[in-house]
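A.B. asks: PDB, C-alpha atoms, saved as target_33.pdb, coming up:
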```pdb
ATOM      1  CA  MET N   1     -40.928 -23.036  51.253
ATOM      2  CA  LYS N   2     -42.997 -19.851  51.451
ATOM      3  CA  LYS N   3     -46.674 -19.877  50.603
ATOM      4  CA  GLY N   4     -47.582 -18.271  47.258
ATOM      5  CA  SER N   5     -44.091 -18.548  45.795
ATOM      6  CA  ASN N   6     -43.412 -20.409  42.579
ATOM      7  CA  PRO N   7     -41.966 -23.764  43.644
ATOM      8  CA  LYS N   8     -40.192 -24.348  40.330
ATOM      9  CA  LYS N   9     -38.854 -21.470  38.299
ATOM     10  CA  VAL N  10     -37.850 -22.301  34.734
ATOM     11  CA  SER N  11     -34.444 -20.923  33.861
ATOM     12  CA  ALA N  12     -33.549 -19.294  30.562
ATOM     13  CA  PHE N  13     -31.272 -22.245  29.827
ATOM     14  CA  ASP N  14     -34.150 -24.709  30.324
ATOM     15  CA  LYS N  15     -36.303 -22.684  27.911
ATOM     16  CA  LEU N  16     -33.533 -22.676  25.287
ATOM     17  CA  ARG N  17     -32.919 -26.405  25.719
ATOM     18  CA  ALA N  18     -36.650 -27.144  25.350
ATOM     19  CA  GLY N  19     -36.788 -25.008  22.212
ATOM     20  CA  LEU N  20     -33.794 -26.814  20.690
ATOM     21  CA  GLU N  21     -35.275 -30.199  21.563
ATOM     22  CA  ASP N  22     -38.513 -29.159  19.817
ATOM     23  CA  ALA N  23     -36.565 -28.004  16.757
ATOM     24  CA  ILE N  24     -34.670 -31.305  16.562
ATOM     25  CA  ALA N  25     -37.884 -33.321  16.973
ATOM     26  CA  TYR N  26     -39.533 -31.226  14.243
ATOM     27  CA  GLN N  27     -36.592 -31.745  11.890
ATOM     28  CA  ARG N  28     -36.774 -35.507  12.442
ATOM     29  CA  GLY N  29     -40.514 -35.503  11.786
ATOM     30  CA  GLY N  30     -41.424 -36.323  15.360
ATOM     31  CA  ARG N  31     -43.192 -33.057  16.113
ATOM     32  CA  THR N  32     -45.615 -30.767  14.317
ATOM     33  CA  LEU N  33     -45.305 -27.050  14.911
ATOM     34  CA  THR N  34     -48.202 -24.614  14.671
ATOM     35  CA  ALA N  35     -47.886 -21.024  13.488
ATOM     36  CA  ARG N  36     -49.374 -18.649  16.035
ATOM     37  CA  GLU N  37     -48.918 -15.445  14.061
ATOM     38  CA  VAL N  38     -49.045 -14.848  10.335
ATOM     39  CA  GLU N  39     -48.096 -11.652   8.563
ATOM     40  CA  LEU N  40     -50.024 -10.980   5.384
ATOM     41  CA  ARG N  41     -49.608  -8.232   2.860
ATOM     42  CA  PRO N  42     -52.863  -6.444   2.152
ATOM     43  CA  LEU N  43     -54.484  -7.650  -1.040
ATOM     44  CA  PRO N  44     -54.576  -5.230  -3.944
ATOM     45  CA  LYS N  45     -58.033  -3.757  -4.413
ATOM     46  CA  LEU N  46     -59.985  -4.892  -7.447
ATOM     47  CA  GLY N  47     -61.837  -2.315  -9.490
ATOM     48  CA  ALA N  48     -65.048  -2.744 -11.438
ATOM     49  CA  ARG N  49     -63.242  -3.887 -14.578
ATOM     50  CA  ASP N  50     -61.167  -6.402 -12.600
ATOM     51  CA  VAL N  51     -64.263  -7.982 -11.038
ATOM     52  CA  ALA N  52     -65.974  -8.114 -14.441
ATOM     53  CA  ARG N  53     -62.838  -9.695 -15.939
ATOM     54  CA  VAL N  54     -62.812 -12.449 -13.297
ATOM     55  CA  ARG N  55     -66.489 -13.147 -13.972
ATOM     56  CA  ALA N  56     -65.979 -13.080 -17.748
ATOM     57  CA  HIS N  57     -63.079 -15.519 -17.425
ATOM     58  CA  LEU N  58     -65.426 -17.924 -15.635
ATOM     59  CA  ARG N  59     -68.046 -17.333 -18.357
ATOM     60  CA  VAL N  60     -70.941 -16.915 -15.923
ATOM     61  CA  SER N  61     -73.684 -14.346 -15.453
ATOM     62  CA  GLN N  62     -73.711 -11.889 -12.562
ATOM     63  CA  VAL N  63     -76.331 -14.010 -10.818
ATOM     64  CA  ALA N  64     -74.321 -17.218 -11.239
ATOM     65  CA  PHE N  65     -71.137 -15.433 -10.142
ATOM     66  CA  ALA N  66     -72.926 -14.171  -7.035
ATOM     67  CA  ARG N  67     -74.020 -17.729  -6.181
ATOM     68  CA  LEU N  68     -70.461 -19.004  -6.623
ATOM     69  CA  LEU N  69     -69.154 -16.291  -4.290
ATOM     70  CA  ASN N  70     -72.087 -16.690  -1.870
ATOM     71  CA  VAL N  71     -73.001 -13.009  -2.155
ATOM     72  CA  SER N  72     -76.088 -11.265  -3.483
ATOM     73  CA  PRO N  73     -76.396 -10.471  -7.190
ATOM     74  CA  ARG N  74     -76.757  -6.804  -6.181
ATOM     75  CA  SER N  75     -73.284  -6.950  -4.627
ATOM     76  CA  VAL N  76     -71.775  -8.161  -7.903
ATOM     77  CA  GLN N  77     -73.695  -5.474  -9.802
ATOM     78  CA  ALA N  78     -72.476  -2.818  -7.362
ATOM     79  CA  TRP N  79     -68.854  -3.975  -7.652
ATOM     80  CA  GLU N  80     -68.988  -3.981 -11.442
ATOM     81  CA  SER N  81     -70.534  -0.514 -11.566
ATOM     82  CA  SER N  82     -68.058   0.952  -9.038
ATOM     83  CA  ALA N  83     -70.915   1.732  -6.629
ATOM     84  CA  ARG N  84     -69.198  -0.378  -3.946
ATOM     85  CA  THR N  85     -65.970  -2.245  -3.414
ATOM     86  CA  PRO N  86     -65.762  -5.872  -2.282
ATOM     87  CA  SER N  87     -65.327  -6.561   1.447
ATOM     88  CA  ASP N  88     -62.003  -8.019   2.568
ATOM     89  CA  ALA N  89     -63.476 -11.547   2.627
ATOM     90  CA  ALA N  90     -64.992 -11.151  -0.855
ATOM     91  CA  LEU N  91     -61.744  -9.612  -2.095
ATOM     92  CA  LYS N  92     -59.797 -12.658  -0.897
ATOM     93  CA  LEU N  93     -62.252 -14.953  -2.671
ATOM     94  CA  LEU N  94     -62.050 -12.880  -5.862
ATOM     95  CA  HIS N  95     -58.255 -13.165  -5.842
ATOM     96  CA  VAL N  96     -58.551 -16.933  -5.381
ATOM     97  CA  ALA N  97     -61.051 -17.059  -8.261
ATOM     98  CA  ARG N  98     -58.682 -15.060 -10.449
ATOM     99  CA  ARG N  99     -55.696 -17.316  -9.774
ATOM    100  CA  HIS N 100     -57.476 -20.664  -9.379
ATOM    101  CA  PRO N 101     -60.930 -20.543 -11.020
ATOM    102  CA  GLU N 102     -61.285 -24.323 -10.722
ATOM    103  CA  VAL N 103     -61.574 -23.946  -6.941
ATOM    104  CA  LEU N 104     -64.548 -21.637  -7.280
ATOM    105  CA  LEU N 105     -66.228 -23.918  -9.816
ATOM    106  CA  GLU N 106     -65.833 -27.026  -7.655
ATOM    107  CA  GLY N 107     -69.278 -28.530  -7.100
ATOM    108  CA  ALA N 108     -70.890 -26.290  -9.734
ATOM    109  CA  ARG N 109     -72.475 -27.464 -12.935
ATOM    110  CA  PRO N 110     -74.444 -25.767 -15.693
ATOM    111  CA  ALA N 111     -78.137 -25.453 -14.812
ATOM    112  CA  ARG N 112     -79.226 -26.622 -18.274
ATOM    113  CA  PRO N 113     -77.337 -28.483 -20.981
ATOM    114  CA  THR N 114     -77.358 -25.410 -23.246
ATOM    115  CA  ASN N 115     -75.016 -22.535 -23.980
ATOM    116  CA  SER N 116     -76.442 -20.792 -20.911
ATOM    117  CA  THR N 117     -73.951 -19.301 -18.483
ATOM    118  CA  ALA N 118     -76.143 -20.038 -15.474
ATOM    119  CA  VAL N 119     -74.561 -22.238 -12.850
ATOM    120  CA  ARG N 120     -76.322 -24.393 -10.302
ATOM    121  CA  VAL N 121     -74.363 -25.105  -7.168
ATOM    122  CA  ALA N 122     -74.952 -28.543  -5.699
ATOM    123  CA  ARG N 123     -76.206 -28.267  -2.114
TER     124      ARG N 123
END
```
What do you get writing this file as structure tokens?
C.D. replies:
Amino acid sequence: MKKGSNPKKVSAFDKLRAGLEDAIAYQRGGRTLTAREVELRPLPKLGARDVARVRAHLRVSQVAFARLLNVSPRSVQAWESSARTPSDAALKLLHVARRHPEVLLEGARPARPTNSTAVRVAR
């Protein structure tokens, strides 16, 4: 055998057979497959009214909403006044909050036992 050459070349048939064996094992529950690439549609942008609507649905102040989203209160104010738009990460979280508000409120409780909309996040 020559130095530097590949001692064992994998044929196309061997690759196909290995792929089919993996597929059969997966189908039988004997193997877990991992997605390496994911295609996502871009999220629709949320305007000032949309952000305010999400916050109003949660019945919290801008400050409490900012704490729930882990952003500054000035960011929430800027979004709601159309001075800025949410970053992609914040936009994703806003869409989650719109569809599943209970996820955002997990671990949060009212700061005082009153009609206040303030929220204290347990740390």
A.B. asks: Looking at N:Leu16, N:Val10, N:Ala97, N:Ala83, which one is nearest to N:Ala56, with distances taken over only C-alpha atoms?
C.D. replies: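 Looking only at the distances to N:Ala56, the closest residue turns out to be N:Ala97.
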A.B. asks: Please return, as a list in words, all polymer residues that have at least one atom within 10 Å of the point (-63.3, -2.3, -15.0); use only C-alpha atoms and the file's own coordinate frame.
C.D. replies: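 The distance filter leaves exactly Leu46, Gly47, Ala48, Arg49, Asp50, Val51, Ala52, Arg53, Trp79, Glu80, Ser81 and Ser82 of chain N.
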A.B. asks: Looking at N:Arg31, N:His100, N:Arg84, N:Arg59, which one is nearest to N:Gly19, with distances taken over only C-alpha atoms?
C.D. replies: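 With only C-alpha atoms as the atom set, the closest residue is N:Arg31.
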A.B. asks: The PyMOL selection byres ((chain N and resi 68) around 10) on the file shown: which residues, as a compact mmCIF listing (two decimals) with C-alpha atoms, keeping the file's coordinate frame?
C.D. replies:
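For reference, expr01.txt as written:
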```txt
# COMPACT_ATOMS: atom_id res chain seq x y z
CA VAL N 60 -70.94 -16.92 -15.92
CA GLN N 62 -73.71 -11.89 -12.56
CA VAL N 63 -76.33 -14.01 -10.82
CA ALA N 64 -74.32 -17.22 -11.24
CA PHE N 65 -71.14 -15.43 -10.14
CA ALA N 66 -72.93 -14.17 -7.04
CA ARG N 67 -74.02 -17.73 -6.18
CA LEU N 69 -69.15 -16.29 -4.29
CA ASN N 70 -72.09 -16.69 -1.87
CA VAL N 71 -73.00 -13.01 -2.15
CA LEU N 93 -62.25 -14.95 -2.67
CA ALA N 97 -61.05 -17.06 -8.26
CA LEU N 104 -64.55 -21.64 -7.28
CA LEU N 105 -66.23 -23.92 -9.82
CA GLU N 106 -65.83 -27.03 -7.66
CA GLY N 107 -69.28 -28.53 -7.10
CA ALA N 108 -70.89 -26.29 -9.73
CA VAL N 119 -74.56 -22.24 -12.85
CA ARG N 120 -76.32 -24.39 -10.30
CA VAL N 121 -74.36 -25.10 -7.17
```
A.B. asks: Can you tell me, as a PyMOL selection string, what residues are no more than 10 Å from N:Pro42 when counting all atoms listed in the file, ignoring any on the same chain fewer than 2 positions away?
C.D. replies: chain N and resi 39-40+44-45+88+92
A.B. asks: Record the distance separating atom CA of N:Ala23 and atom CA of N:Lys9, expressed in Å with one decimal.
C.D. replies: 22.6 Å
A.B. asks: Take atom CA of N:Leu33 and atom CA of N:His95 and report the distance between them in Å, one decimal.
C.D. replies: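 If I compute the distance from atom CA of N:Leu33 to atom CA of N:His95, I get 28.1 Å.
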A.B. asks: So what do you get for atom CA of N:Arg109 versus atom CA of N:Ala89, distance-wise?
C.D. replies: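 About the pair atom CA of N:Arg109 and atom CA of N:Ala89: they are 24.0 Å apart.
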A.B. asks: Out of N:Pro73, N:Val54, N:Leu20, N:Ser61, which residue has the shortest atom-to-atom distance to N:Leu94 when counting all atoms listed in the file?
C.D. replies: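 For N:Leu94, the nearest of the given residues is N:Val54.
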A.B. asks: Step by step: locate stretch 17-40 of chain N in the block above, keep N, CA and C atoms, then write the file as an mmCIF file, in the first residue's frame.
C.D. replies:
```cif
data_model
loop_
_atom_site.group_PDB
_atom_site.id
_atom_site.type_symbol
_atom_site.label_atom_id
_atom_site.label_comp_id
_atom_site.auth_asym_id
_atom_site.auth_seq_id
_atom_site.Cartn_x
_atom_site.Cartn_y
_atom_site.Cartn_z
ATOM 1 N N ARG N 17 -26.370 2.092 2.359
ATOM 2 C CA ARG N 17 -26.751 1.031 3.290
ATOM 3 C C ARG N 17 -26.742 1.568 4.723
ATOM 4 N N ALA N 18 -25.705 2.332 5.075
ATOM 5 C CA ALA N 18 -25.622 2.898 6.427
ATOM 6 C C ALA N 18 -26.793 3.844 6.687
ATOM 7 N N GLY N 19 -27.140 4.643 5.693
ATOM 8 C CA GLY N 19 -28.278 5.548 5.835
ATOM 9 C C GLY N 19 -29.584 4.802 6.037
ATOM 10 N N LEU N 20 -29.786 3.722 5.278
ATOM 11 C CA LEU N 20 -31.005 2.915 5.429
ATOM 12 C C LEU N 20 -31.038 2.213 6.783
ATOM 13 N N GLU N 21 -29.892 1.725 7.227
ATOM 14 C CA GLU N 21 -29.841 1.094 8.549
ATOM 15 C C GLU N 21 -30.187 2.101 9.640
ATOM 16 N N ASP N 22 -29.696 3.333 9.517
ATOM 17 C CA ASP N 22 -30.044 4.394 10.470
ATOM 18 C C ASP N 22 -31.536 4.684 10.443
ATOM 19 N N ALA N 23 -32.108 4.751 9.254
ATOM 20 C CA ALA N 23 -33.544 5.036 9.119
ATOM 21 C C ALA N 23 -34.380 3.936 9.762
ATOM 22 N N ILE N 24 -33.986 2.689 9.558
ATOM 23 C CA ILE N 24 -34.719 1.563 10.157
ATOM 24 C C ILE N 24 -34.595 1.605 11.678
ATOM 25 N N ALA N 25 -33.383 1.861 12.174
ATOM 26 C CA ALA N 25 -33.178 1.939 13.626
ATOM 27 C C ALA N 25 -33.995 3.083 14.224
ATOM 28 N N TYR N 26 -34.057 4.215 13.520
ATOM 29 C CA TYR N 26 -34.850 5.349 13.987
ATOM 30 C C TYR N 26 -36.324 4.971 14.051
ATOM 31 N N GLN N 27 -36.817 4.339 13.007
ATOM 32 C CA GLN N 27 -38.225 3.948 12.938
ATOM 33 C C GLN N 27 -38.583 3.000 14.075
ATOM 34 N N ARG N 28 -37.665 2.140 14.443
ATOM 35 C CA ARG N 28 -37.907 1.167 15.517
ATOM 36 C C ARG N 28 -37.663 1.767 16.904
ATOM 37 N N GLY N 29 -37.227 3.014 16.942
ATOM 38 C CA GLY N 29 -36.984 3.669 18.220
ATOM 39 C C GLY N 29 -35.606 3.412 18.788
ATOM 40 N N GLY N 30 -34.745 2.795 18.020
ATOM 41 C CA GLY N 30 -33.415 2.465 18.507
ATOM 42 C C GLY N 30 -32.375 3.530 18.244
ATOM 43 N N ARG N 31 -32.763 4.598 17.591
ATOM 44 C CA ARG N 31 -31.785 5.653 17.267
ATOM 45 C C ARG N 31 -32.481 7.006 17.296
ATOM 46 N N THR N 32 -31.776 7.999 17.776
ATOM 47 C CA THR N 32 -32.279 9.372 17.784
ATOM 48 C C THR N 32 -31.517 10.168 16.740
ATOM 49 N N LEU N 33 -32.240 10.856 15.891
ATOM 50 C CA LEU N 33 -31.607 11.668 14.861
ATOM 51 C C LEU N 33 -31.618 13.122 15.284
ATOM 52 N N THR N 34 -30.613 13.864 14.868
ATOM 53 C CA THR N 34 -30.481 15.273 15.209
ATOM 54 C C THR N 34 -30.546 16.105 13.938
ATOM 55 N N ALA N 35 -31.361 17.150 13.966
ATOM 56 C CA ALA N 35 -31.439 18.055 12.816
ATOM 57 C C ALA N 35 -30.195 18.933 12.806
ATOM 58 N N ARG N 36 -29.555 19.025 11.675
ATOM 59 C CA ARG N 36 -28.351 19.843 11.550
ATOM 60 C C ARG N 36 -28.668 21.205 10.942
ATOM 61 N N GLU N 37 -29.715 21.264 10.155
ATOM 62 C CA GLU N 37 -30.114 22.520 9.526
ATOM 63 C C GLU N 37 -31.611 22.704 9.698
ATOM 64 N N VAL N 38 -32.003 23.922 9.955
ATOM 65 C CA VAL N 38 -33.415 24.246 10.136
ATOM 66 C C VAL N 38 -33.713 25.471 9.296
ATOM 67 N N GLU N 39 -34.768 25.395 8.519
ATOM 68 C CA GLU N 39 -35.195 26.550 7.732
ATOM 69 C C GLU N 39 -36.359 27.222 8.443
ATOM 70 N N LEU N 40 -36.215 28.493 8.703
ATOM 71 C CA LEU N 40 -37.262 29.253 9.376
ATOM 72 C C LEU N 40 -37.713 30.405 8.496
#
```
